[in-house]
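Next comes target.cif, a file with mmCIF, C-alpha atoms.
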```
data_coords
loop_
_atom_site.label_atom_id
_atom_site.label_comp_id
_atom_site.auth_asym_id
_atom_site.auth_seq_id
_atom_site.Cartn_x
_atom_site.Cartn_y
_atom_site.Cartn_z
CA MET K 1 0.00 0.00 0.00
CA MET K 2 1.38 3.39 -1.01
CA LEU K 3 1.34 6.35 1.38
CA ALA K 4 -0.50 9.15 -0.36
CA THR K 5 0.19 12.24 1.75
CA PRO K 6 3.59 13.95 2.21
CA ALA K 7 3.11 13.80 6.00
CA ALA K 8 2.76 10.03 5.82
CA GLY K 9 5.97 9.89 3.82
CA VAL K 10 7.76 11.89 6.49
CA VAL K 11 6.48 9.51 9.16
CA LEU K 12 7.76 6.55 7.13
CA ILE K 13 11.22 8.13 6.84
CA LEU K 14 11.30 8.94 10.55
CA ALA K 15 10.27 5.42 11.44
CA TRP K 16 13.07 4.06 9.24
CA ILE K 17 15.73 5.82 11.30
CA TYR K 18 17.15 3.78 14.16
CA PRO K 19 15.20 0.56 13.72
CA SER K 20 15.71 -2.34 16.08
CA HIS K 21 18.33 -4.89 15.11
CA ALA K 22 17.33 -8.55 15.60
CA LEU K 23 19.68 -11.43 14.86
CA TYR K 24 20.89 -14.74 16.20
CA PHE K 25 24.36 -16.26 16.40
CA HIS K 26 26.05 -19.41 17.62
CA ILE K 27 28.55 -19.32 20.44
CA GLY K 28 30.98 -21.93 21.74
CA GLU K 29 31.85 -22.97 25.27
CA THR K 30 34.41 -20.24 25.99
CA GLU K 31 33.70 -18.04 22.98
CA LYS K 32 32.97 -14.34 23.23
CA LYS K 33 30.88 -12.45 20.67
CA CYS K 34 31.09 -8.67 20.31
CA PHE K 35 29.04 -6.25 18.22
CA ILE K 36 29.68 -2.61 17.32
CA GLU K 37 26.80 -0.14 17.47
CA GLU K 38 27.18 3.52 16.48
CA ILE K 39 25.15 5.52 18.98
CA PRO K 40 24.73 9.29 19.54
CA ASP K 41 25.20 10.69 23.02
CA GLU K 42 22.44 10.56 25.64
CA THR K 43 20.62 7.78 23.80
CA MET K 44 18.99 4.82 25.52
CA VAL K 45 19.67 1.31 24.25
CA ILE K 46 17.75 -1.81 25.25
CA GLY K 47 18.99 -5.29 24.43
CA LYS K 48 17.00 -8.48 24.78
CA TYR K 49 18.40 -11.96 24.29
CA ARG K 50 17.14 -15.52 24.40
CA THR K 51 19.35 -18.62 24.44
CA GLN K 52 18.84 -22.10 23.04
CA LEU K 53 21.03 -25.09 23.88
CA TRP K 54 22.03 -27.64 21.27
CA ASP K 55 20.62 -31.11 22.01
CA LYS K 56 22.49 -34.02 20.41
CA LEU K 57 19.63 -36.45 20.96
CA THR K 58 17.02 -34.46 19.04
CA ASP K 59 19.63 -32.81 16.78
CA SER K 60 18.05 -29.41 17.36
CA PHE K 61 18.19 -26.33 19.57
CA LEU K 62 16.07 -26.46 22.70
CA ALA K 63 15.23 -23.82 25.29
CA ALA K 64 18.28 -23.28 27.50
CA THR K 65 18.16 -24.47 31.09
CA PRO K 66 17.82 -21.87 33.87
CA GLY K 67 21.31 -22.68 35.18
CA LEU K 68 22.91 -21.38 32.00
CA GLY K 69 23.73 -17.67 32.15
CA MET K 70 25.18 -14.98 29.93
CA HIS K 71 27.60 -12.25 30.86
CA VAL K 72 27.01 -8.89 29.13
CA GLU K 73 29.68 -6.20 28.88
CA ILE K 74 29.22 -2.77 27.28
CA LYS K 75 32.11 -0.43 26.45
CA ASP K 76 31.87 3.15 25.18
CA PRO K 77 34.14 4.64 22.45
CA ASP K 78 36.76 5.43 25.13
CA THR K 79 36.73 1.72 26.19
CA LYS K 80 35.10 2.70 29.47
CA ILE K 81 32.87 -0.07 30.82
CA LEU K 82 29.25 1.09 30.99
CA LEU K 83 27.80 -2.26 31.98
CA SER K 84 29.27 -5.57 33.15
CA ARG K 85 26.75 -7.99 34.60
CA GLN K 86 25.76 -11.63 34.74
CA TYR K 87 22.25 -12.51 33.53
CA GLY K 88 20.23 -15.68 33.13
CA SER K 89 19.57 -17.78 30.04
CA ASP K 90 17.06 -15.12 28.91
CA GLY K 91 17.66 -11.52 29.82
CA ARG K 92 17.26 -7.84 29.16
CA PHE K 93 19.93 -5.15 29.57
CA THR K 94 19.68 -1.38 29.36
CA PHE K 95 22.25 1.40 29.15
CA THR K 96 22.45 5.06 28.10
CA SER K 97 25.28 6.39 25.98
CA HIS K 98 27.14 9.44 27.29
CA THR K 99 29.74 9.66 24.52
CA PRO K 100 28.86 9.56 20.80
CA GLY K 101 30.55 6.89 18.74
CA GLU K 102 31.05 3.15 18.44
CA HIS K 103 29.88 1.17 21.45
CA GLN K 104 30.99 -2.43 21.90
CA ILE K 105 28.42 -4.98 23.09
CA CYS K 106 29.95 -8.31 24.14
CA LEU K 107 28.29 -11.52 25.35
CA HIS K 108 29.72 -14.79 26.58
CA SER K 109 28.30 -17.71 28.56
CA ASN K 110 29.17 -19.13 31.95
CA SER K 111 29.54 -22.53 30.30
CA THR K 112 32.61 -23.47 32.34
CA LYS K 113 30.32 -23.66 35.39
CA MET K 114 27.86 -25.97 33.71
CA ALA K 115 28.79 -29.50 32.67
CA LEU K 116 25.68 -29.81 30.49
CA PHE K 117 26.99 -27.22 28.07
CA ALA K 118 30.61 -28.41 28.13
CA GLY K 119 31.79 -28.94 24.57
CA GLY K 120 28.40 -27.94 23.16
CA LYS K 121 27.15 -24.86 21.39
CA LEU K 122 24.55 -22.25 22.12
CA ARG K 123 22.27 -20.21 19.88
CA VAL K 124 21.64 -16.68 21.10
CA HIS K 125 18.78 -14.56 19.72
CA LEU K 126 19.64 -10.89 20.22
CA ASP K 127 17.38 -7.88 19.70
CA ILE K 128 18.85 -4.37 20.10
CA GLN K 129 16.58 -1.32 20.21
CA VAL K 130 18.00 2.20 20.01
CA GLY K 131 16.51 5.62 20.65
CA GLU K 132 12.76 6.11 20.56
CA HIS K 133 12.28 2.43 19.71
CA THR K 134 13.00 1.68 23.37
CA ASN K 135 9.76 3.40 24.39
CA ASN K 136 6.71 1.27 25.12
CA TYR K 137 4.08 3.58 23.64
CA PRO K 138 0.98 1.50 24.52
CA GLU K 139 2.14 1.56 28.14
CA ILE K 140 2.85 5.31 27.96
CA ALA K 141 -0.59 5.94 26.47
CA ALA K 142 -2.29 3.93 29.21
CA LYS K 143 -0.26 5.58 31.97
CA ASP K 144 -0.70 9.18 30.78
CA LYS K 145 -4.22 8.57 29.35
CA LEU K 146 -3.26 9.84 25.91
CA THR K 147 -5.58 9.83 22.91
CA GLU K 148 -4.41 8.28 19.65
CA LEU K 149 -3.60 11.74 18.23
CA GLN K 150 -1.65 12.70 21.35
CA LEU K 151 0.24 9.43 21.19
CA ARG K 152 1.14 10.01 17.54
CA ALA K 153 2.35 13.50 18.41
CA ARG K 154 4.44 12.05 21.25
CA GLN K 155 6.00 9.55 18.86
CA LEU K 156 6.83 12.26 16.33
CA LEU K 157 8.41 14.44 19.02
CA ASP K 158 10.55 11.54 20.19
CA GLN K 159 11.59 10.77 16.62
CA VAL K 160 12.47 14.41 15.93
CA GLU K 161 14.55 14.49 19.11
CA GLN K 162 16.37 11.34 18.01
CA ILE K 163 16.98 12.83 14.56
CA GLN K 164 18.54 15.90 16.19
CA LYS K 165 20.84 13.63 18.19
CA GLU K 166 21.76 11.77 15.01
CA GLN K 167 22.49 15.06 13.21
CA ASN K 168 24.69 16.17 16.10
CA TYR K 169 26.48 12.84 15.93
CA GLN K 170 27.03 13.20 12.18
CA ARG K 171 28.45 16.69 12.74
CA TYR K 172 30.72 15.24 15.42
CA ARG K 173 31.92 12.55 13.00
CA GLU K 174 32.44 15.15 10.26
CA GLU K 175 34.49 17.31 12.63
CA ARG K 176 36.66 14.38 13.68
CA PHE K 177 37.12 13.34 10.05
CA ARG K 178 38.12 16.90 9.11
CA MET K 179 40.63 17.04 11.96
CA THR K 180 42.07 13.67 10.89
CA SER K 181 42.29 14.81 7.26
CA GLU K 182 44.02 18.06 8.21
CA SER K 183 46.46 16.20 10.45
CA THR K 184 47.20 13.69 7.65
CA ASN K 185 47.68 16.46 5.09
CA GLN K 186 50.06 18.28 7.42
CA ARG K 187 52.07 15.13 8.02
CA VAL K 188 52.25 14.44 4.27
CA LEU K 189 53.42 18.03 3.67
CA TRP K 190 56.18 17.78 6.27
CA TRP K 191 57.22 14.39 4.95
CA SER K 192 57.47 15.82 1.41
CA ILE K 193 59.59 18.70 2.72
CA ALA K 194 61.80 16.25 4.62
CA GLN K 195 62.23 14.11 1.49
CA THR K 196 63.17 17.19 -0.56
CA LEU K 197 65.74 18.28 2.04
CA ILE K 198 67.21 14.76 2.16
CA LEU K 199 67.52 14.72 -1.63
CA ILE K 200 69.19 18.15 -1.65
CA VAL K 201 71.64 17.18 1.11
CA THR K 202 72.37 13.87 -0.61
CA GLY K 203 72.99 15.68 -3.93
CA ILE K 204 75.35 18.18 -2.31
CA TRP K 205 77.24 15.38 -0.55
CA GLN K 206 77.55 13.42 -3.81
CA MET K 207 78.85 16.49 -5.65
CA LYS K 208 81.46 17.12 -2.95
CA HIS K 209 82.43 13.47 -2.92
CA LEU K 210 82.85 13.41 -6.72
CA LYS K 211 84.84 16.64 -6.62
CA SER K 212 87.16 15.17 -3.97
CA PHE K 213 87.50 11.99 -6.05
CA PHE K 214 88.42 13.90 -9.21
CA GLU K 215 90.85 16.09 -7.32
CA ALA K 216 92.50 13.02 -5.79
CA LYS K 217 92.89 11.50 -9.28
CA LYS K 218 94.16 14.89 -10.53
CA LEU K 219 91.47 14.96 -13.20
CA VAL K 220 90.51 18.54 -12.43
#
```
Could you take the file, read its structure, and then write that structure out as structure tokens?
Amino acid sequence: MMLATPAAGVVLILAWIYPSHALYFHIGETEKKCFIEEIPDETMVIGKYRTQLWDKLTDSFLAATPGLGMHVEIKDPDTKILLSRQYGSDGRFTFTSHTPGEHQICLHSNSTKMALFAGGKLRVHLDIQVGEHTNNYPEIAAKDKLTELQLRARQLLDQVEQIQKEQNYQRYREERFRMTSESTNQRVLWWSIAQTLILIVTGIWQMKHLKSFFEAKKLV
């Protein structure tokens, strides 16, 4: 179905920004999986995961036992640990970014404490929600007694706020890229000057050496 009005198109574009990321991956007994998420500053992130344990008898993944846990560690762009905590086989973690940039999300199991998982493999379903997608709007509407129009307006305001944060983050990236480019250009310039000076000094030394050689041979 096509959206007819320009306003509906704007809503579609806004909803496209910062969608949730759902995936699953396999993890070994002592293996650690890390993911990189680019996040603006002062942005909430919610991660939900669900684990399944490989069963050799049925040759399939079954719901993980309660004794199997996952350790979640979050690092900001400055490698500062924002979150480091042990959860159960199914869990939910939340953190707020304070520095814009690449955040590292790492998960690994406590398999060494559980003989059932020893030598096996685990499937982890991970869902990461960023920005306004972390809001539970039906719950907000019920709590604040909002009408459908008021709820839509609230969603648009949250999306606009997230877009502003994303624009600020893009400006931050552009500024850092410009500083890196200027630093690289300056280094290249000084290296070119150094190469030119080395060539000039080498040429002068060679000329003096040849002159001394010819004078020693009494050719000049």
Target residues per the PyMOL selection byres ((chain K and resi 66-83) around 7), formatted as number ranges by chain: K: 64-65, 84-89, 99, 101-111, 114
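The residue that comes closest to His26 in chain K, out of K:Trp54, K:Trp205, K:Leu122, K:Ile46 and on the basis of all atoms listed in the file, is K:Leu122.
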For Thr96 in chain K, find every residue with an atom within 9 Å (counting all atoms listed in the file), except residues of its own chain fewer than 5 positions away, and show them as a ChimeraX atom specification. /K:41-46,82
Report as number ranges by chain all protein, DNA and RNA residues lying within 10 Å of range 129-144 of chain K, evaluated on all atoms listed in the file, omitting residues in the same chain fewer than 2 positions from it. K: 15, 17-22, 37-40, 42-48, 94, 96, 127, 146-148, 150-152, 154-163, 165-166
CA of Tyr49 in chain K to CA of Ser97 in chain K, distance in Å rounded to a single decimal: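 Computing the Euclidean distance for CA of Tyr49 in chain K and CA of Ser97 in chain K yields 19.7 Å.
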Would you mind reading off the distance between CA of Arg92 in chain K and CA of Gln164 in chain K, one decimal, in Å?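 Spanning CA of Arg92 in chain K to CA of Gln164 in chain K is a straight-line distance of 27.1 Å.
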In terms of all atoms listed in the file, the residue from K:Asn168, K:Ile128, K:Phe35, K:Ile198 at minimal distance from Phe93 in chain K is K:Ile128
The PyMOL selection byres ((chain K and resi 62) around 10) applied to the shown file, residues as a PyMOL selection string: chain K and resi 51-55+58-61+63-65+122-123
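Across K:Lys211, K:Pro100, K:Lys217, K:Leu149, the tightest approach to Arg176 in chain K is made by K:Pro100 when counting all atoms listed in the file.
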As lines of an AutoDock Vina configuration file: centre and edge lengths in Å, one decimal, of the axis-aligned box holding range 45-61 of chain K with 5 Å per side:
```
center_x = 19.7
center_y = -17.6
center_z = 21.0
size_x = 15.5
size_y = 47.8
size_z = 18.5
```
Between K:Gln186, K:Arg50, K:Leu210, K:Lys56, which one has atoms that come closest to Lys121 in chain K, using all atoms listed in the file? K:Lys56
What gap, in Å, lies between CA of Val188 in chain K and CA of Glu174 in chain K?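 Distance between the two atoms: 20.7 Å.
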